[in-house]
Structures are given as C-alpha cells and as structure tokens.
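Structure record follows, encoded as structure tokens.
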Amino acid sequence: MKNIKEHIKNNSFKNVYLLYGTESYLIKLYKNRFRETIVDKDDTMNYSYYEGKTIDYNEVLEISETLPFFSDRRLIIIENGNLFKSEKKEIGEKFINFFKTMPESTHIVFLEEAIDKRGKLYKAVTDKGYVAELKGLDEKNLITWLYQIVKKDEKNITEQTLLHFIKTVGTDMENLETEIEKLLCYTLDKTVIDIEDVDRISTSQVTNKVFDMINAIADKNQHKALALYNDLRILKEAPMRILFLIVRQFNILLQVKQLKGKGMNSQAISTQINLHRFIVEGCMKQSEKFIESKLTKALHSCIETETGVKQGRISDQLAIELLIVSLSS
C-alpha cells in the first residue's frame, strides 16, 4: 500500500495495477483515488469502468488501445471480472500480448477479491505494473486510523478505548467507519470518548455473538447458548449462515490449539492463520476450554448437521437448535 500512496502523491503511475484481497474498504478507497488522480474527476471521455463476469473484453482492449482525448492519460477500471482465474486463460493471453505494446497513456486497474498467483496474467501484471494484496490493517494501524478520524472531529480517545471499540465492532474497515461516525454523533457534546460511550452506541458484530455462543457451549450453559442463537435469528441471520460461523470458529480454535501446542505465541499464530493478534489471543483463551478431540468432534457434528439439512431430513432452524443442545450437553 505504501507504494500506491507514493504513486498517487507523486502523480506518477504504472500502466497496470492489480489490487486484490478481502478488505473491500481499501479496494474502494484506492479505486476512488485512482479515479480522482489519473484522469480529471469530470472527464468521462477518458475513463471507463467495467464490472462483473459478462464484460466485453474485446471492447475493453479496443478502448485501451485508443489514445486519450484532450488529456495525457486514459483510465480503465475492471472490477471482479475473474480474469485471474484459470477459466479465462484465452482472454488473459490477449491482455498479456496487449501489455507488450500498450500506449504509455493507458492505465488499467484490475480489482479482484481472489486470484490465482500461478497464472500467466498475474505474472504479466507483476512485470508490467504493480500488484497489491489488501487484507486490511493490523491492530496498530487500525487504532492509528481510527484515532485520526476522532481527532479530525476535535475529540480525544485513549488507545484502550479504541481497542475495546475494535473488539466490539470487528475489524471490517467499512463497518468501523460507519460505527465511529455513529459514536462521534452520539458524543456530540463531549470532548473525550470513553468505553461507556462505546458500549452504549456500538453494534456488537454477529461474530462476537458466535464467539460468546461457543463460550457458553464450552461452559455447558445451554440456556445462554440457545439465547444467543435466538438473538442472531432476531437480527435476521439465516440458520445456515450461523452454522457457517460456528464451523469457522471451531476451525480457528482447532488451529490455534494445535499451533499453541507446538510452542507458537500469539504473534506467530496470527501470522500463520492470517488473523488479527487480539482475535488470536481471545481464541487462545477460548481454546483452553476444549480438548483437541472435542473440537474435532464438534466439527464432525456440524458437518452431519449440514448434511441433514441439505438432504431435507430436517429444517435448518431446528437442526441448529439441536446441534447447540448436543454440543452444550
């Protein structure tokens, strides 16, 4: 990301960019920055945007070869075109050949959620331009980013409060931005934001409720586990989505327990499984409530539940309720 910031700051751009990853906020941010700086924001003749799987790439390549009108540069943004997957090799080859002779005035930005790094197109973009994976900020940079938003509103907030805010809201930057704006509005007459303000206004993420549900299951607190499940249903979460999150949490706990057993600390585990360190630290504590075989058994029970629903032997809502009862017995 540092290199992209320098390109934007110096107004000196590569001909091709590939931005990919799970942090939609950052992808949207840099898409807009490219749009505002490579060509004039009101210039519609030299800017083209394409999205989805039904893009006419012959049209894209034709426009890419066209020199800009009354401008030094032409910008083309292609979002979620799945070009960096194996099923679009033929189109990828066309772009690889185009890169060899593309006009210096043309700038193409590819935006994708997931890619195949083994593909020829990925390597061609790496050689011709710049590739960046946008996974979101780490804990330290998230705190810095949020602190800057709060300071712009001429308020103060401690690092401890910000960390509590992140733990409450989650690490998705788009959601964090929404929640911090709500918090700023709520504390309009205050100069200092405290933990109590966070607890009063910030929305607890669905994943936090699932985390608490797993704690309740570990503690054999069946009533609480079912109450948390009902809370999620009130929030309009689909039963199979809740099952997915339960499976995800048990998977994380199993990985954390195994890696911790190998002597790895929270920072090393965080790097290994690509999760924020404070999430890993919470999972390390939670994993102590389970022996490894219980986690494996819980995952098998989840798979059996999913199979039963898909085969039509039981309704999804009842299936998850029975799963929770079984795991917390």
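Within each chain, counting starts at residue 1; across the structure tokens, chains are named A, B, ... in the order shown, with ligands numbered 1 upward in that order.
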
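The protein and nucleic acid residues lying at most 7 Å from stretch 277-284 of chain A are Leu253, Val256, Lys257, Ser266, Gln267 and Ser270 of chain A, with only C-alpha atoms considered and sequence neighbours fewer than 6 positions away removed.
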
| Excluding same-chain residues fewer than 2 positions from stretch 162-174 of chain A, what lies within 8 Å of it counting only C-alpha atoms, as a PyMOL selection string? | chain A and resi 23-26+136+143+146-147+157-160+176-179+195+198+202-205+208

_Write out as a PyMOL selection string the set of residues from stretch 187-227 of chain A that DSSP, computed on the backbone, places in alpha helix (DSSP H)._
chain A and resi 195-201+206-218+222-227

Restrict the selected residues to C-alpha atoms and save them as a tab-separated table (two decimals), in the first residue's frame.
```
chain	number	residue	atom	x	y	z
A	195	ILE	CA	-15.56	2.88	26.96
A	196	GLU	CA	-19.07	3.54	28.31
A	197	ASP	CA	-19.87	5.54	25.16
A	198	VAL	CA	-18.70	2.62	23.02
A	199	ASP	CA	-20.86	0.14	24.93
A	200	ARG	CA	-23.94	2.37	24.65
A	201	ILE	CA	-23.82	3.01	20.89
A	206	VAL	CA	-22.51	-11.24	14.65
A	207	THR	CA	-19.13	-12.96	15.02
A	208	ASN	CA	-18.90	-11.68	18.61
A	209	LYS	CA	-22.22	-13.34	19.44
A	210	VAL	CA	-21.00	-16.60	17.89
A	211	PHE	CA	-17.80	-16.31	19.97
A	212	ASP	CA	-19.95	-15.90	23.10
A	213	MET	CA	-22.10	-18.84	22.00
A	214	ILE	CA	-19.02	-21.09	21.78
A	215	ASN	CA	-18.03	-19.92	25.27
A	216	ALA	CA	-21.50	-20.86	26.52
A	217	ILE	CA	-21.21	-24.27	24.82
A	218	ALA	CA	-17.81	-24.83	26.49
A	222	GLN	CA	-27.23	-24.50	27.26
A	223	HIS	CA	-29.75	-21.77	28.10
A	224	LYS	CA	-27.30	-18.98	27.25
A	225	ALA	CA	-26.12	-20.69	24.05
A	226	LEU	CA	-29.70	-21.02	22.78
A	227	ALA	CA	-30.49	-17.43	23.84
```

Nearest to A:Asn274, restricted to only C-alpha atoms and choosing among A:Leu137, A:Ile314, A:Leu184, A:Leu245, comes out as A:Leu137

Taking only stretch 127-181 of chain A into account, list the residues labelled strand (DSSP E or B) by DSSP (computed from the backbone), as a PDB file with C-alpha atoms, in the first residue's frame.
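What ended up in part_24.pdb:
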```pdb
ATOM      1  CA  TYR A 130       2.193  -3.196  -9.582  1.00  0.00           C
ATOM      2  CA  VAL A 131       0.314  -5.835  -7.535  1.00  0.00           C
ATOM      3  CA  ALA A 132      -1.006  -5.257  -4.004  1.00  0.00           C
ATOM      4  CA  GLU A 133      -2.937  -7.535  -1.662  1.00  0.00           C
ATOM      5  CA  ASN A 156      -9.931  12.645  22.329  1.00  0.00           C
ATOM      6  CA  ILE A 157      -9.969   8.895  22.845  1.00  0.00           C
TER       7      ILE A 157
END
```

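Our summary of the geometry notes that atom CA of A:Lys85 is positioned 10.1 Å from atom CA of A:Lys120.
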
Tell me, as an MDAnalysis selection string, which residues lie within 7 Å of A:Leu295, counting only C-alpha atoms; anything in the same chain fewer than 5 positions away does not count. chainID A and resid 250 254 290

Taking 3 positions as the minimum chain separation for residues in the same chain, which residues sit within 10 Å of A:Asp153 when counting only C-alpha atoms? Answer as a PyMOL selection string. chain A and resi 148-150+156+181+184-185+188+191

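Residue neighbourhood of A:Glu51, excluding near-sequence residues (fewer than 3 positions): Ser48, Thr54, Ile55, Asp56, Tyr57, Val60, Ile76, Ile77, Ile78, Glu79, Asn80, Gly81, Asn82, Leu83, Val109, Phe110, Leu111 and Glu112 of chain A, at 12 Å, using only C-alpha atoms.
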
Using only N, CA and C atoms, please write the residues we just selected to a file, as a PDB file, in the first residue's frame.
```pdb
ATOM      1  N   SER A  48     -13.179   4.635 -18.228  1.00  0.00           N
ATOM      2  CA  SER A  48     -14.112   3.538 -18.490  1.00  0.00           C
ATOM      3  C   SER A  48     -14.105   2.597 -17.292  1.00  0.00           C
ATOM      4  N   THR A  54     -19.608 -10.623 -17.209  1.00  0.00           N
ATOM      5  CA  THR A  54     -20.083 -10.557 -18.604  1.00  0.00           C
ATOM      6  C   THR A  54     -19.463  -9.389 -19.368  1.00  0.00           C
ATOM      7  N   ILE A  55     -18.271  -9.010 -18.991  1.00  0.00           N
ATOM      8  CA  ILE A  55     -17.596  -7.881 -19.643  1.00  0.00           C
ATOM      9  C   ILE A  55     -17.195  -8.253 -21.074  1.00  0.00           C
ATOM     10  N   ASP A  56     -17.381  -7.318 -21.991  1.00  0.00           N
ATOM     11  CA  ASP A  56     -16.926  -7.495 -23.375  1.00  0.00           C
ATOM     12  C   ASP A  56     -15.459  -7.066 -23.435  1.00  0.00           C
ATOM     13  N   TYR A  57     -14.549  -8.048 -23.351  1.00  0.00           N
ATOM     14  CA  TYR A  57     -13.128  -7.715 -23.272  1.00  0.00           C
ATOM     15  C   TYR A  57     -12.552  -7.257 -24.605  1.00  0.00           C
ATOM     16  N   VAL A  60     -13.010  -3.694 -24.265  1.00  0.00           N
ATOM     17  CA  VAL A  60     -12.030  -3.155 -23.323  1.00  0.00           C
ATOM     18  C   VAL A  60     -10.679  -2.954 -23.986  1.00  0.00           C
ATOM     19  N   ILE A  76      -8.809   2.848 -17.220  1.00  0.00           N
ATOM     20  CA  ILE A  76      -9.791   1.771 -17.341  1.00  0.00           C
ATOM     21  C   ILE A  76      -9.755   0.949 -16.054  1.00  0.00           C
ATOM     22  N   ILE A  77     -10.903   0.840 -15.386  1.00  0.00           N
ATOM     23  CA  ILE A  77     -11.002   0.039 -14.159  1.00  0.00           C
ATOM     24  C   ILE A  77     -11.876  -1.176 -14.432  1.00  0.00           C
ATOM     25  N   ILE A  78     -11.357  -2.347 -14.105  1.00  0.00           N
ATOM     26  CA  ILE A  78     -12.079  -3.615 -14.304  1.00  0.00           C
ATOM     27  C   ILE A  78     -12.225  -4.282 -12.945  1.00  0.00           C
ATOM     28  N   GLU A  79     -13.471  -4.399 -12.452  1.00  0.00           N
ATOM     29  CA  GLU A  79     -13.716  -4.904 -11.108  1.00  0.00           C
ATOM     30  C   GLU A  79     -14.450  -6.247 -11.139  1.00  0.00           C
ATOM     31  N   ASN A  80     -13.893  -7.204 -10.397  1.00  0.00           N
ATOM     32  CA  ASN A  80     -14.495  -8.541 -10.256  1.00  0.00           C
ATOM     33  C   ASN A  80     -14.813  -9.187 -11.603  1.00  0.00           C
ATOM     34  N   GLY A  81     -13.856  -9.095 -12.526  1.00  0.00           N
ATOM     35  CA  GLY A  81     -14.029  -9.728 -13.831  1.00  0.00           C
ATOM     36  C   GLY A  81     -13.567 -11.173 -13.859  1.00  0.00           C
ATOM     37  N   ASN A  82     -12.982 -11.640 -12.733  1.00  0.00           N
ATOM     38  CA  ASN A  82     -12.484 -13.021 -12.629  1.00  0.00           C
ATOM     39  C   ASN A  82     -11.469 -13.362 -13.710  1.00  0.00           C
ATOM     40  N   LEU A  83     -10.731 -12.364 -14.138  1.00  0.00           N
ATOM     41  CA  LEU A  83      -9.717 -12.597 -15.173  1.00  0.00           C
ATOM     42  C   LEU A  83      -8.531 -13.392 -14.656  1.00  0.00           C
ATOM     43  N   VAL A 109      -6.577  -0.694 -14.208  1.00  0.00           N
ATOM     44  CA  VAL A 109      -6.593  -1.122 -12.812  1.00  0.00           C
ATOM     45  C   VAL A 109      -7.555  -2.306 -12.680  1.00  0.00           C
ATOM     46  N   PHE A 110      -7.028  -3.461 -12.281  1.00  0.00           N
ATOM     47  CA  PHE A 110      -7.838  -4.653 -12.026  1.00  0.00           C
ATOM     48  C   PHE A 110      -8.132  -4.726 -10.533  1.00  0.00           C
ATOM     49  N   LEU A 111      -9.402  -4.932 -10.173  1.00  0.00           N
ATOM     50  CA  LEU A 111      -9.806  -5.079  -8.776  1.00  0.00           C
ATOM     51  C   LEU A 111     -10.470  -6.436  -8.604  1.00  0.00           C
ATOM     52  N   GLU A 112      -9.907  -7.287  -7.737  1.00  0.00           N
ATOM     53  CA  GLU A 112     -10.433  -8.635  -7.556  1.00  0.00           C
ATOM     54  C   GLU A 112     -10.449  -9.004  -6.077  1.00  0.00           C
TER      55      GLU A 112
END
```

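Of the listed residues (A:Asn3, A:Thr144, A:Ser329, A:Thr307), A:Ser329 comes nearest to A:Asn221; the distances count only C-alpha atoms.
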
task = Skip stretch 86-95 of chain A itself and residues of its chain fewer than 5 positions away, then list as a PyMOL selection string all residues within 12 Å of it, counting only C-alpha atoms.
result = chain A and resi 16+53-62+64-65+81+100-102+108+110+114-125+128

Any idea what's packed within 8 Å of A:Asn11, counting only C-alpha atoms, ignoring anything in its chain fewer than 4 positions away? Could you give it as a PyMOL selection string?
chain A and resi 7+37-38
